[in-house]
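Just query.txt here, compact mmCIF, C-alpha atoms and all ligand atoms:
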# COMPACT_ATOMS: atom_id res chain seq x y z
CA MET A 186 94.02 26.65 37.20
CA LYS A 187 96.12 25.98 34.09
CA TYR A 188 97.36 22.45 33.55
CA ASP A 189 100.67 21.55 31.92
CA ILE A 190 99.02 18.90 29.73
CA CYS A 191 95.49 17.98 28.72
CA VAL A 192 95.26 14.44 27.24
CA LEU A 193 92.18 13.62 25.17
CA GLY A 194 91.28 9.94 25.13
CA LEU A 195 92.14 7.75 28.15
CA GLY A 196 92.41 4.39 26.39
CA TYR A 197 95.32 2.06 25.71
CA ILE A 198 97.59 4.96 24.70
CA GLY A 199 96.15 8.08 26.34
CA LEU A 200 96.00 6.70 29.88
CA PRO A 201 99.60 5.39 30.09
CA THR A 202 100.84 8.60 28.44
CA ALA A 203 98.87 10.87 30.82
CA SER A 204 100.00 8.81 33.82
CA ILE A 205 103.67 8.81 32.94
CA PHE A 206 103.70 12.59 32.44
CA ALA A 207 101.97 12.97 35.84
CA THR A 208 104.55 10.79 37.59
CA LYS A 209 107.21 13.07 36.09
CA GLY A 210 105.66 15.96 38.06
CA LEU A 211 103.57 17.57 35.30
CA LYS A 212 100.01 18.67 36.09
CA VAL A 213 97.89 16.50 33.77
CA PHE A 214 94.16 16.59 33.06
CA GLY A 215 92.79 13.56 31.21
CA VAL A 216 89.57 13.74 29.21
CA ASP A 217 87.36 10.84 28.21
CA VAL A 218 83.78 10.75 26.91
CA ARG A 219 82.91 7.76 29.12
CA PRO A 220 81.81 8.87 32.65
CA ASP A 221 82.52 5.39 34.06
CA VAL A 222 86.12 5.59 32.78
CA VAL A 223 86.57 9.05 34.32
CA ASP A 224 85.28 7.81 37.69
CA ILE A 225 87.45 4.67 37.69
CA ILE A 226 90.58 6.70 36.88
CA ASN A 227 89.85 9.36 39.51
CA GLN A 228 89.75 6.52 42.03
CA GLY A 229 93.20 5.46 40.79
CA GLY A 230 91.78 2.48 38.92
CA LEU A 231 91.99 0.96 35.42
CA HIS A 232 89.27 0.09 32.90
CA PHE A 233 91.41 -2.42 31.01
CA HIS A 234 94.22 -4.86 31.78
CA GLU A 235 97.83 -3.89 31.11
CA PRO A 236 100.71 -5.22 33.27
CA ASP A 237 101.96 -2.66 35.85
CA LEU A 238 99.74 0.14 34.48
CA ASP A 239 97.54 -0.09 37.59
CA ILE A 240 100.53 0.88 39.75
CA LEU A 241 101.38 3.84 37.49
CA VAL A 242 97.81 5.19 37.38
CA LYS A 243 97.44 4.81 41.16
CA ALA A 244 100.71 6.74 41.69
CA ALA A 245 99.74 9.43 39.16
CA VAL A 246 96.30 10.03 40.67
CA GLY A 247 97.58 9.60 44.23
CA SER A 248 100.22 12.29 43.67
CA GLY A 249 97.47 14.74 42.72
CA ASN A 250 99.13 15.30 39.32
CA LEU A 251 96.51 13.41 37.31
CA ARG A 252 92.81 14.15 37.27
CA ALA A 253 90.20 12.98 34.75
CA GLY A 254 87.06 14.68 33.48
CA LEU A 255 84.59 14.81 30.62
CA GLN A 256 85.61 18.19 29.16
CA PRO A 257 89.02 19.69 28.27
CA VAL A 258 90.62 22.44 30.33
CA PRO A 259 93.16 25.19 29.50
CA ALA A 260 96.68 23.75 29.25
CA ASP A 261 100.08 24.50 27.72
CA THR A 262 100.02 21.22 25.78
CA PHE A 263 97.20 19.10 24.36
CA VAL A 264 97.71 15.44 23.38
CA ILE A 265 94.98 13.86 21.24
CA ALA A 266 94.89 10.06 21.59
CA VAL A 267 91.37 9.13 20.53
CA PRO A 268 90.33 6.18 18.31
CA THR A 269 90.65 6.33 14.52
CA PRO A 270 88.66 3.34 13.24
CA PHE A 271 87.53 2.89 9.67
CA THR A 272 84.03 2.73 8.24
CA HIS A 273 82.82 0.75 5.22
CA ALA A 274 81.60 2.70 2.19
CA PRO A 275 78.61 1.19 0.30
CA SER A 276 81.22 -0.06 -2.22
CA GLY A 277 82.83 -2.01 0.65
CA GLU A 278 85.85 0.29 0.56
CA LYS A 279 87.32 1.00 4.00
CA ILE A 280 87.37 4.71 4.84
CA PRO A 281 89.24 6.28 7.77
CA ASP A 282 86.81 7.66 10.37
CA LEU A 283 88.32 10.90 11.76
CA SER A 284 85.17 11.98 13.58
CA TYR A 285 86.72 11.30 17.02
CA VAL A 286 89.81 13.34 16.13
CA GLU A 287 87.69 16.20 14.78
CA ARG A 288 85.44 16.20 17.84
CA ALA A 289 88.43 16.19 20.21
CA THR A 290 90.11 18.99 18.23
CA ARG A 291 87.03 21.20 18.27
CA SER A 292 86.58 20.57 22.02
CA ILE A 293 90.00 22.07 22.81
CA ALA A 294 89.56 25.09 20.51
CA PRO A 295 88.24 27.36 23.32
CA HIS A 296 91.13 26.37 25.60
CA VAL A 297 94.20 26.80 23.39
CA ALA A 298 96.23 29.97 23.76
CA THR A 299 98.90 31.32 21.42
CA GLY A 300 102.06 29.26 21.77
CA ALA A 301 100.23 26.14 22.95
CA LEU A 302 101.51 22.79 21.67
CA VAL A 303 98.91 20.46 20.15
CA ILE A 304 100.08 16.89 19.51
CA LEU A 305 98.14 14.24 17.61
CA GLU A 306 99.10 10.67 18.62
CA SER A 307 96.19 8.75 17.12
CA THR A 308 97.12 6.61 14.11
CA SER A 309 95.86 8.76 11.23
CA PRO A 310 95.92 9.04 7.42
CA VAL A 311 98.62 11.29 6.00
CA GLY A 312 97.51 14.95 6.16
CA THR A 313 95.40 14.66 9.33
CA THR A 314 97.61 16.99 11.39
CA GLU A 315 96.99 19.68 8.78
CA ARG A 316 93.26 19.05 9.17
CA VAL A 317 93.61 19.46 12.96
CA ARG A 318 95.02 22.92 12.30
CA TRP A 319 92.06 23.72 10.05
CA TRP A 320 89.46 22.39 12.55
CA LEU A 321 91.02 24.43 15.38
CA GLY A 322 90.93 27.65 13.37
CA GLU A 323 87.43 27.04 12.07
CA GLU A 324 86.06 26.24 15.53
CA ARG A 325 87.52 29.42 17.05
CA VAL A 326 85.92 31.47 14.29
CA ARG A 327 82.61 29.67 14.91
CA LEU A 328 82.90 30.50 18.63
CA GLY A 329 83.74 34.13 17.85
CA LEU A 330 87.19 33.77 19.39
CA PRO A 331 90.35 35.45 18.05
CA SER A 332 92.71 33.27 16.03
CA VAL A 333 95.72 31.84 17.87
CA GLU A 334 99.09 30.60 16.66
CA VAL A 335 99.68 27.08 18.03
CA LEU A 336 102.47 24.56 17.52
CA LEU A 337 101.16 21.40 15.86
CA ALA A 338 102.93 18.00 15.72
CA TYR A 339 102.21 14.35 15.01
CA CYS A 340 103.91 11.92 17.41
CA PRO A 341 102.89 8.26 16.99
CA GLU A 342 103.39 5.60 19.63
CA ARG A 343 104.78 2.11 19.09
CA VAL A 344 103.89 0.35 22.32
CA LEU A 345 102.96 -3.32 22.19
CA PRO A 346 99.85 -4.25 24.21
CA GLY A 347 101.12 -6.38 27.08
CA SER A 348 104.44 -4.54 27.43
CA MET A 349 103.24 -0.95 27.06
CA LEU A 350 105.03 0.74 29.93
CA LYS A 351 108.45 -0.66 29.09
CA GLU A 352 108.06 0.28 25.43
CA LEU A 353 106.50 3.69 26.14
CA VAL A 354 109.75 4.66 27.86
CA ALA A 355 112.36 2.73 25.90
CA ASN A 356 111.20 2.81 22.27
CA ASP A 357 112.55 5.43 19.87
CA ARG A 358 109.94 8.00 18.88
CA ILE A 359 109.20 10.31 15.97
CA ALA A 360 108.28 13.97 16.52
CA GLY A 361 106.72 15.22 13.30
CA GLY A 362 106.07 18.98 13.40
CA LEU A 363 103.99 20.99 10.94
CA THR A 364 106.84 23.41 11.59
CA PRO A 365 110.40 22.70 12.82
CA GLU A 366 109.60 24.66 15.99
CA ALA A 367 106.61 22.40 16.71
CA GLY A 368 108.72 19.28 16.21
CA LYS A 369 111.37 20.56 18.60
CA ALA A 370 108.75 21.42 21.23
CA ALA A 371 107.26 17.93 20.94
CA LYS A 372 110.70 16.33 21.21
CA GLU A 373 111.40 18.33 24.36
CA LEU A 374 108.10 17.21 25.88
CA TYR A 375 108.61 13.47 25.25
CA SER A 376 112.23 13.61 26.36
CA GLN A 377 110.86 14.08 29.88
CA PHE A 378 110.23 10.33 30.03
CA CYS A 379 111.42 8.75 26.76
CA THR A 380 114.86 7.14 27.01
CA GLY A 381 114.85 6.13 23.34
CA GLU A 382 115.99 8.43 20.56
CA ILE A 383 113.47 11.04 19.37
CA PHE A 384 113.73 11.76 15.64
CA LEU A 385 112.53 15.01 14.12
CA THR A 386 110.68 15.05 10.79
CA HIS A 387 107.64 16.62 9.12
CA ALA A 388 104.16 15.69 10.34
CA ARG A 389 103.28 13.95 7.05
CA THR A 390 106.32 11.71 7.23
CA ALA A 391 105.54 10.89 10.89
CA GLU A 392 101.94 10.01 9.99
CA MET A 393 103.15 7.75 7.18
CA ALA A 394 105.85 6.16 9.36
CA LYS A 395 103.25 4.87 11.81
CA LEU A 396 101.15 3.39 9.00
CA THR A 397 104.29 1.97 7.36
CA GLU A 398 105.43 0.13 10.50
CA ASN A 399 102.12 -1.69 10.89
CA SER A 400 101.73 -2.30 7.14
CA TYR A 401 105.20 -3.83 7.02
CA ARG A 402 104.11 -6.25 9.73
CA ASP A 403 100.77 -7.00 8.03
CA VAL A 404 102.45 -7.79 4.68
CA ASN A 405 104.91 -10.12 6.37
CA ILE A 406 102.21 -11.88 8.34
CA ALA A 407 100.28 -12.27 5.07
CA PHE A 408 103.35 -13.90 3.51
CA ALA A 409 103.44 -16.39 6.43
CA ASN A 410 99.68 -17.02 6.18
CA GLU A 411 99.90 -17.60 2.43
CA LEU A 412 102.73 -20.06 3.03
CA SER A 413 100.49 -21.92 5.50
CA LEU A 414 97.78 -22.31 2.85
CA ILE A 415 100.28 -23.51 0.24
CA CYS A 416 101.82 -25.97 2.74
CA ASP A 417 98.37 -27.37 3.59
CA ARG A 418 97.95 -28.01 -0.12
CA LEU A 419 101.44 -29.56 -0.57
CA ASP A 420 101.34 -31.55 2.70
CA ILE A 421 104.30 -29.69 4.21
CA ASP A 422 104.63 -28.63 7.87
CA VAL A 423 104.66 -24.83 7.50
CA TRP A 424 106.19 -24.36 10.97
CA GLU A 425 109.15 -26.57 10.07
CA LEU A 426 109.44 -24.83 6.67
CA ILE A 427 109.61 -21.34 8.24
CA LYS A 428 112.01 -22.47 10.93
CA LEU A 429 114.36 -23.81 8.23
CA ALA A 430 114.00 -20.81 5.90
CA ASN A 431 114.70 -18.46 8.82
CA ARG A 432 118.07 -20.06 9.29
CA HIS A 433 119.13 -17.93 6.30
CA PRO A 434 120.97 -14.92 7.78
CA ARG A 435 118.75 -12.43 5.98
CA VAL A 436 115.37 -14.17 6.16
CA LYS A 437 112.91 -13.44 8.98
CA ILE A 438 109.51 -14.86 8.08
CA LEU A 439 106.84 -14.20 10.73
CA GLN A 440 104.36 -16.75 12.06
CA PRO A 441 101.12 -17.93 10.38
CA GLY A 442 98.01 -17.61 12.51
CA PRO A 443 94.20 -17.79 12.27
CA GLY A 444 94.10 -14.24 10.88
CA VAL A 445 95.25 -10.78 12.00
CA GLY A 446 93.40 -9.10 14.83
CA GLY A 447 93.56 -5.99 16.94
CA HIS A 448 92.71 -2.42 16.01
CA CYS A 449 96.12 -1.54 14.61
CA ILE A 450 97.73 -4.01 12.20
CA ALA A 451 94.35 -4.93 10.67
CA VAL A 452 93.34 -1.27 10.28
CA ASP A 453 96.35 0.92 9.53
CA PRO A 454 97.20 -0.54 6.08
CA TRP A 455 93.73 0.47 4.87
CA PHE A 456 94.66 4.11 5.60
CA ILE A 457 97.52 3.84 3.11
CA VAL A 458 95.40 2.00 0.53
CA HIS A 459 92.70 4.68 0.87
CA SER A 460 95.23 7.47 0.28
CA ALA A 461 96.85 5.89 -2.81
CA PRO A 462 94.57 3.04 -4.00
CA ASP A 463 96.02 2.67 -7.49
CA VAL A 464 99.60 2.21 -6.32
CA SER A 465 99.14 -0.02 -3.26
CA PRO A 466 98.11 -3.47 -4.60
CA LEU A 467 100.58 -5.35 -2.37
CA ILE A 468 99.34 -3.73 0.87
CA ARG A 469 95.70 -4.26 -0.17
CA THR A 470 96.27 -7.89 -1.13
CA ALA A 471 98.08 -8.60 2.14
CA ARG A 472 95.01 -7.33 4.00
CA GLU A 473 92.79 -9.60 1.88
CA VAL A 474 95.04 -12.63 2.53
CA ASN A 475 94.96 -12.01 6.29
CA ASP A 476 91.22 -11.30 6.32
CA SER A 477 90.55 -14.56 4.47
CA LYS A 478 92.52 -16.73 6.93
CA PRO A 479 89.63 -17.20 9.43
CA HIS A 480 87.54 -18.60 6.56
CA HIS A 481 90.23 -21.19 5.78
CA VAL A 482 90.35 -22.25 9.44
CA VAL A 483 86.55 -22.66 9.54
CA GLN A 484 86.73 -24.78 6.38
CA ARG A 485 89.38 -27.05 7.94
CA VAL A 486 87.16 -27.58 10.99
CA ARG A 487 84.12 -28.32 8.81
CA VAL A 488 86.05 -30.99 6.91
CA ALA A 489 87.19 -32.55 10.19
CA ALA A 490 83.63 -32.41 11.57
CA GLU A 491 82.30 -34.49 8.65
CA LYS A 492 83.70 -37.58 10.42
CA PHE A 493 81.27 -37.02 13.32
CA LYS A 494 77.52 -36.78 13.79
CA ASN A 495 77.49 -33.77 16.16
CA PRO A 496 81.08 -33.22 17.29
CA ALA A 497 82.16 -31.23 20.32
CA ILE A 498 84.58 -28.58 19.05
CA ALA A 499 86.89 -26.94 21.60
CA CYS A 500 87.92 -23.41 20.52
CA LEU A 501 90.92 -22.49 22.63
CA GLY A 502 91.32 -18.72 22.87
CA LEU A 503 89.07 -15.77 21.91
CA ALA A 504 91.51 -12.86 22.31
CA PHE A 505 93.19 -11.30 19.26
CA LYS A 506 96.64 -12.40 20.44
CA ALA A 507 98.41 -14.29 23.20
CA ASP A 508 98.26 -13.40 26.90
CA ILE A 509 95.94 -10.40 26.70
CA ASP A 510 92.21 -9.98 27.37
CA ASP A 511 91.38 -7.86 24.30
CA LEU A 512 88.73 -9.58 22.15
CA ARG A 513 88.26 -6.62 19.78
CA GLU A 514 88.74 -7.44 16.10
CA SER A 515 89.75 -10.97 17.01
CA PRO A 516 89.98 -13.68 14.31
CA ALA A 517 89.53 -16.27 17.09
CA MET A 518 86.18 -14.68 17.97
CA GLU A 519 85.24 -14.59 14.27
CA ILE A 520 86.05 -18.30 13.81
CA THR A 521 84.26 -19.38 17.01
CA MET A 522 81.18 -17.35 16.09
CA GLU A 523 81.14 -18.75 12.54
CA LEU A 524 81.40 -22.34 13.76
CA ALA A 525 78.53 -21.71 16.19
CA LYS A 526 76.39 -20.09 13.50
CA LEU A 527 77.06 -22.92 11.01
CA GLY A 528 76.04 -25.51 13.63
CA VAL A 529 79.08 -27.58 12.70
CA GLY A 530 78.94 -29.10 16.18
CA ARG A 531 78.72 -28.12 19.85
CA VAL A 532 81.22 -25.28 20.44
CA LEU A 533 83.17 -25.37 23.71
CA ALA A 534 84.67 -21.84 24.00
CA VAL A 535 87.74 -21.25 26.20
CA GLU A 536 89.28 -17.87 27.10
CA PRO A 537 91.31 -17.77 30.34
CA HIS A 538 91.52 -13.95 30.30
CA VAL A 539 87.77 -13.29 30.55
CA LYS A 540 85.24 -14.44 33.13
CA GLN A 541 82.29 -15.05 30.81
CA LEU A 542 81.38 -15.42 27.16
CA PRO A 543 81.08 -12.14 25.21
CA ALA A 544 77.40 -11.30 24.70
CA ASN A 545 77.32 -12.10 20.98
CA LEU A 546 78.72 -15.58 21.55
CA ALA A 547 76.54 -16.18 24.62
CA ALA A 548 73.46 -15.26 22.54
CA ASN A 549 74.16 -18.20 20.25
CA GLY A 550 72.68 -21.27 21.97
CA ASN A 551 75.38 -23.48 20.49
CA VAL A 552 78.33 -22.20 22.56
CA VAL A 553 79.34 -23.27 26.08
CA PHE A 554 82.07 -21.42 28.04
CA MET A 555 84.41 -23.65 30.04
CA SER A 556 87.97 -24.27 31.19
CA ALA A 557 90.61 -25.54 28.78
CA TYR A 558 90.89 -28.80 30.70
CA ASP A 559 87.15 -29.55 30.52
CA ALA A 560 86.90 -28.48 26.87
CA VAL A 561 89.82 -30.63 25.75
CA ARG A 562 88.53 -33.65 27.68
CA GLN A 563 85.04 -33.35 26.16
CA ALA A 564 86.11 -32.38 22.63
CA ASP A 565 86.23 -34.49 19.48
CA ILE A 566 88.02 -31.63 17.66
CA VAL A 567 90.42 -29.23 19.40
CA VAL A 568 91.13 -25.92 17.59
CA LEU A 569 93.96 -23.87 19.07
CA LEU A 570 93.28 -20.26 18.09
CA VAL A 571 95.39 -18.24 20.54
CA ASN A 572 98.78 -19.23 21.93
CA HIS A 573 98.01 -18.19 25.53
CA ARG A 574 100.64 -19.35 27.98
CA GLN A 575 97.98 -21.28 29.92
CA PHE A 576 97.50 -23.66 26.97
CA SER A 577 101.12 -24.79 26.98
CA VAL A 578 100.49 -26.95 30.06
CA ILE A 579 97.67 -28.97 28.49
CA ASP A 580 98.74 -32.62 28.72
CA ARG A 581 99.45 -33.84 25.20
CA VAL A 582 98.14 -37.26 26.27
CA LEU A 583 94.67 -35.67 26.38
CA LEU A 584 95.07 -34.64 22.71
CA ARG A 585 96.13 -38.06 21.44
CA ASP A 586 92.74 -39.35 20.38
CA LYS A 587 91.40 -35.95 19.23
CA ILE A 588 91.55 -34.17 15.90
CA VAL A 589 93.82 -31.17 16.62
CA ILE A 590 93.86 -28.05 14.44
CA ASP A 591 96.69 -25.92 15.80
CA THR A 592 96.54 -22.56 13.96
CA ARG A 593 99.64 -21.24 15.78
CA GLY A 594 102.02 -24.18 15.64
CA PHE A 595 101.88 -23.97 19.42
CA TRP A 596 101.92 -27.65 20.26
CA ARG A 597 104.47 -28.74 17.63
N1 LIG B 1 100.29 -12.05 14.33
C1 LIG B 1 100.47 -13.18 13.54
N2 LIG B 1 101.72 -13.61 13.25
C2 LIG B 1 102.83 -12.94 13.71
C3 LIG B 1 102.63 -11.77 14.50
C4 LIG B 1 101.37 -11.35 14.80
O1 LIG B 1 99.49 -13.82 13.12
O2 LIG B 1 103.95 -13.38 13.43
C5 LIG B 1 98.93 -11.58 14.62
C6 LIG B 1 98.63 -11.55 16.11
O3 LIG B 1 98.14 -12.81 16.52
C7 LIG B 1 97.53 -10.49 16.18
C8 LIG B 1 97.92 -9.53 15.06
O4 LIG B 1 98.82 -10.23 14.21
O5 LIG B 1 96.27 -11.04 15.88
C9 LIG B 1 98.57 -8.24 15.56
O6 LIG B 1 99.44 -8.57 16.61
P1 LIG B 1 100.76 -7.70 16.84
O7 LIG B 1 101.39 -8.15 18.09
O8 LIG B 1 101.59 -7.75 15.63
O9 LIG B 1 100.22 -6.23 16.86
P2 LIG B 1 99.50 -5.26 17.93
O10 LIG B 1 98.30 -4.78 17.23
O11 LIG B 1 99.33 -5.87 19.26
O12 LIG B 1 100.59 -4.08 18.05
C10 LIG B 1 101.08 -3.49 16.87
C11 LIG B 1 102.57 -3.25 17.05
N3 LIG B 1 103.14 -2.80 15.80
C12 LIG B 1 104.23 -3.47 15.31
O13 LIG B 1 104.70 -4.45 15.87
C13 LIG B 1 104.78 -2.95 14.03
C14 LIG B 1 102.77 -2.17 18.08
O14 LIG B 1 104.16 -1.82 18.15
C15 LIG B 1 101.98 -0.95 17.69
O15 LIG B 1 102.17 0.11 18.63
C16 LIG B 1 100.50 -1.32 17.66
O16 LIG B 1 100.35 -2.31 16.63
C17 LIG B 1 99.72 -0.07 17.35
O17 LIG B 1 99.19 0.48 18.35
O18 LIG B 1 99.75 0.39 16.22

Rewrite the structure from the file as structure tokens, please.
Ligand code: SAJ
Amino acid sequence: MKYDICVLGLGYIGLPTASIFATKGLKVFGVDVRPDVVDIINQGGLHFHEPDLDILVKAAVGSGNLRAGLQPVPADTFVIAVPTPFTHAPSGEKIPDLSYVERATRSIAPHVATGALVILESTSPVGTTERVRWWLGEERVRLGLPSVEVLLAYCPERVLPGSMLKELVANDRIAGGLTPEAGKAAKELYSQFCTGEIFLTHARTAEMAKLTENSYRDVNIAFANELSLICDRLDIDVWELIKLANRHPRVKILQPGPGVGGHCIAVDPWFIVHSAPDVSPLIRTAREVNDSKPHHVVQRVRVAAEKFKNPAIACLGLAFKADIDDLRESPAMEITMELAKLGVGRVLAVEPHVKQLPANLAANGNVVFMSAYDAVRQADIVVLLVNHRQFSVIDRVLLRDKIVIDTRGFWR
């Protein structure tokens, strides 16, 4: 049987994308390397939390239009949505790791026929789509298969974790073809569910656009974080400062925080820096400012802890941002772990979106997992690290006789 679409990678992007195509009547085969993920999806389930996605996956699988497996199958279109992390060179330099993209590309080589459309969605350094073409050709030669002419395009996503489905449909998209024909084919495919505008461009520009969007955000968050450090020094309320400055019609300063987390904003700028290191000092420095913020928060807690013998320190929030359960690359996790390691006091960890402490925190004997209410009542120092909705109902009376370090300006 030939499928309409084969999606490689059933994570935060691949699974919603595969599901939405299936609910539009296309025959979709999803591939993931994790057998447990394949099983959960084939039962119409989810392996991560995303509002309303469970309903979409259930409908997609229930309709018989979405199946998952460990190996690719022949299809008219292939969508590659696998991770693109970075690795650290011995020099400390961050280097894009394209091994997942290469492995996925080589795995589809035996299944692509002439005229097939191959789309890369994974956030990638400029020039990666051209490398996909090379890997496909090389793998078919290695397998002793005849060469095929495929359409290749780069089509990044822009969905925000926590509102993925709405944004997957409504956001404008970019279809970046290695050839104009490939771009047009990709635009036609996404127009089956995308109600936003779909802009055609070259693959290289599309690759750079994705990196640019997240780098723009990282630089602006770094500006806010640097302001917070300066305001600490000058005894100014940075939240009031930003609120006032943003009253200017053309000023939109973002919000300081405890650092920048997630696997996008904190990663993508390094792809640009790696591709043009001598002409990207601003993007590099912004990353360094954001990466240093957790250290400044830990220092503030240590200074506060000096007033106590063995203080109880409530760390409210472990996720990388508000109202989600994703702890990956989380500055809140980094700060909580550092405080536990330093033995600054007894750490009372709170995260309403998970049921137990992550293993690395649990392994440290100095951390206790509890509810926000219990942690705040027992704490000498309360550190707000994530502005989860649940924390907005904490009675301010409980905070009155505590030292409060609010890294998000949440309780102003
Ligand atoms: N943060 C701040 N201050 C702010 C905004 C965010 O400290 O004013 C922090 C957050 O707490 C978090 C980090 O930055 O730790 C990143 O949060 P985010 O909401 O900015 O980013 P992501 O990673 O959840 O999603 C981003 C989005 N990109 C943009 O907004 C330009 C999303 O649209 C992308 O699709 C996603 O990256 C991605 O997959 O690339």

Let me have all residues with an atom within 8 Å of ligand LIG 1 (chain B), counting all atoms listed in the file, laid out as number ranges by chain.
A: 198, 308, 342-346, 395-396, 398-403, 405-406, 409-410, 438-451, 453, 505-507, 515-516, 571, 593

Which of A:Ala517, A:Leu337, A:Val464, A:Cys379 sits closest to Ala355 in chain A [using only C-alpha atoms]:
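Nearest candidate to Ala355 in chain A out of A:Ala517, A:Leu337, A:Val464, A:Cys379: A:Cys379.
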
Compile a residue-level contact table for range 457-504 of chain A against range 527-538 of chain A at a cut-off of 7 Å, reporting for every qualifying residue the shortest atom pair and its distance in Å to one decimal, with all atoms listed in the file counted, rows ordered by chain and ascending number, as a tab-separated table.
residue	atom	partner	partner_atom	distance
A:Arg487	CA	A:Val529	CA	6.4
A:Ala490	CA	A:Val529	CA	6.7
A:Asn495	CA	A:Gly530	CA	4.9
A:Pro496	CA	A:Gly530	CA	4.8
A:Ala497	CA	A:Arg531	CA	4.7
A:Ile498	CA	A:Val532	CA	4.9
A:Ala499	CA	A:Leu533	CA	4.6
A:Cys500	CA	A:Ala534	CA	5.0
A:Leu501	CA	A:Val535	CA	4.9
A:Gly502	CA	A:Glu536	CA	4.8
A:Leu503	CA	A:Glu536	CA	5.6

Report as JSON lines the residues of range 332-371 of chain A within 7 Å of range 311-328 of chain A, each with its shortest atom pair and distance in Å (one decimal), using only C-alpha atoms, ordered by chain and increasing residue number.
{"residue": "A:Ser332", "atom": "CA", "partner": "A:Gly322", "partner_atom": "CA", "distance": 6.5}
{"residue": "A:Ala338", "atom": "CA", "partner": "A:Thr314", "partner_atom": "CA", "distance": 6.9}
{"residue": "A:Tyr339", "atom": "CA", "partner": "A:Thr314", "partner_atom": "CA", "distance": 6.4}

Rank A:Asn250, A:Lys351, A:Leu193, A:Ala371 by their smallest atom-to-atom distance to Thr290 in chain A, using only C-alpha atoms, and report the top residue only.
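Ranked by minimum distance to Thr290 in chain A, first place goes to A:Leu193.
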
So that I can check the surroundings of range 274-288 of chain A, please list as a list of chain:residue names every protein, DNA and RNA residue that reaches within 8 Å of it, counting only C-alpha atoms and ignoring chain neighbours fewer than 5 positions away.
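Skipping anything fewer than 5 positions along the chain leaves A:Ile265, A:Val267, A:Pro268, A:Thr269, A:Ser307, A:Ser309, A:Pro310, A:Val317, A:Trp320, A:Trp455, A:Phe456, A:His459.
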
List every residue of range 245-341 of chain A that has an atom at most 6 Å from any atom of range 207-220 of chain A, giving for each one its closest atom pair and the distance in Å to one decimal, counting all atoms listed in the file, sorted by chain and then by ascending residue number, as JSON lines.
{"residue": "A:Ala245", "atom": "CA", "partner": "A:Thr208", "partner_atom": "CA", "distance": 5.2}
{"residue": "A:Asn250", "atom": "CA", "partner": "A:Lys212", "partner_atom": "CA", "distance": 4.8}
{"residue": "A:Leu251", "atom": "CA", "partner": "A:Val213", "partner_atom": "CA", "distance": 4.9}
{"residue": "A:Arg252", "atom": "CA", "partner": "A:Phe214", "partner_atom": "CA", "distance": 5.0}
{"residue": "A:Ala253", "atom": "CA", "partner": "A:Gly215", "partner_atom": "CA", "distance": 4.4}
{"residue": "A:Gly254", "atom": "CA", "partner": "A:Val216", "partner_atom": "CA", "distance": 5.0}
{"residue": "A:Leu255", "atom": "CA", "partner": "A:Val216", "partner_atom": "CA", "distance": 5.3}
{"residue": "A:Gln256", "atom": "CA", "partner": "A:Val216", "partner_atom": "CA", "distance": 6.0}

Nearest candidate to Val452 in chain A (options A:Arg574, A:Arg513, A:Leu426, A:Pro270; using only C-alpha atoms):
A:Pro270

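Taking CA of Val589 in chain A as the reference point, CA of Leu569 in chain A is found at 7.7 Å.
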
Using only C-alpha atoms, which residues sit within 8 Å of Pro259 in chain A once same-chain residues fewer than 6 positions away are excluded, as a ChimeraX atom specification?
/A:186-188,191,296-297

Using C-alpha atoms, can you write the selected residues to a file as a PDB file, in the coordinates of the input?
ATOM      1  CA  MET A 186      94.020  26.650  37.200  1.00  0.00           C
ATOM      2  CA  LYS A 187      96.120  25.980  34.090  1.00  0.00           C
ATOM      3  CA  TYR A 188      97.360  22.450  33.550  1.00  0.00           C
ATOM      4  CA  CYS A 191      95.490  17.980  28.720  1.00  0.00           C
ATOM      5  CA  HIS A 296      91.130  26.370  25.600  1.00  0.00           C
ATOM      6  CA  VAL A 297      94.200  26.800  23.390  1.00  0.00           C
TER       7      VAL A 297
END

For each of A:Ala525, A:Ile588, A:Ala289, A:Val458, take the minimum atom-to-atom distance to Thr397 in chain A, counting only C-alpha atoms, then give the residue where this is smallest.
A:Val458

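We find CA of Lys587 in chain A and CA of Asn572 in chain A to be spaced 18.5 Å apart.
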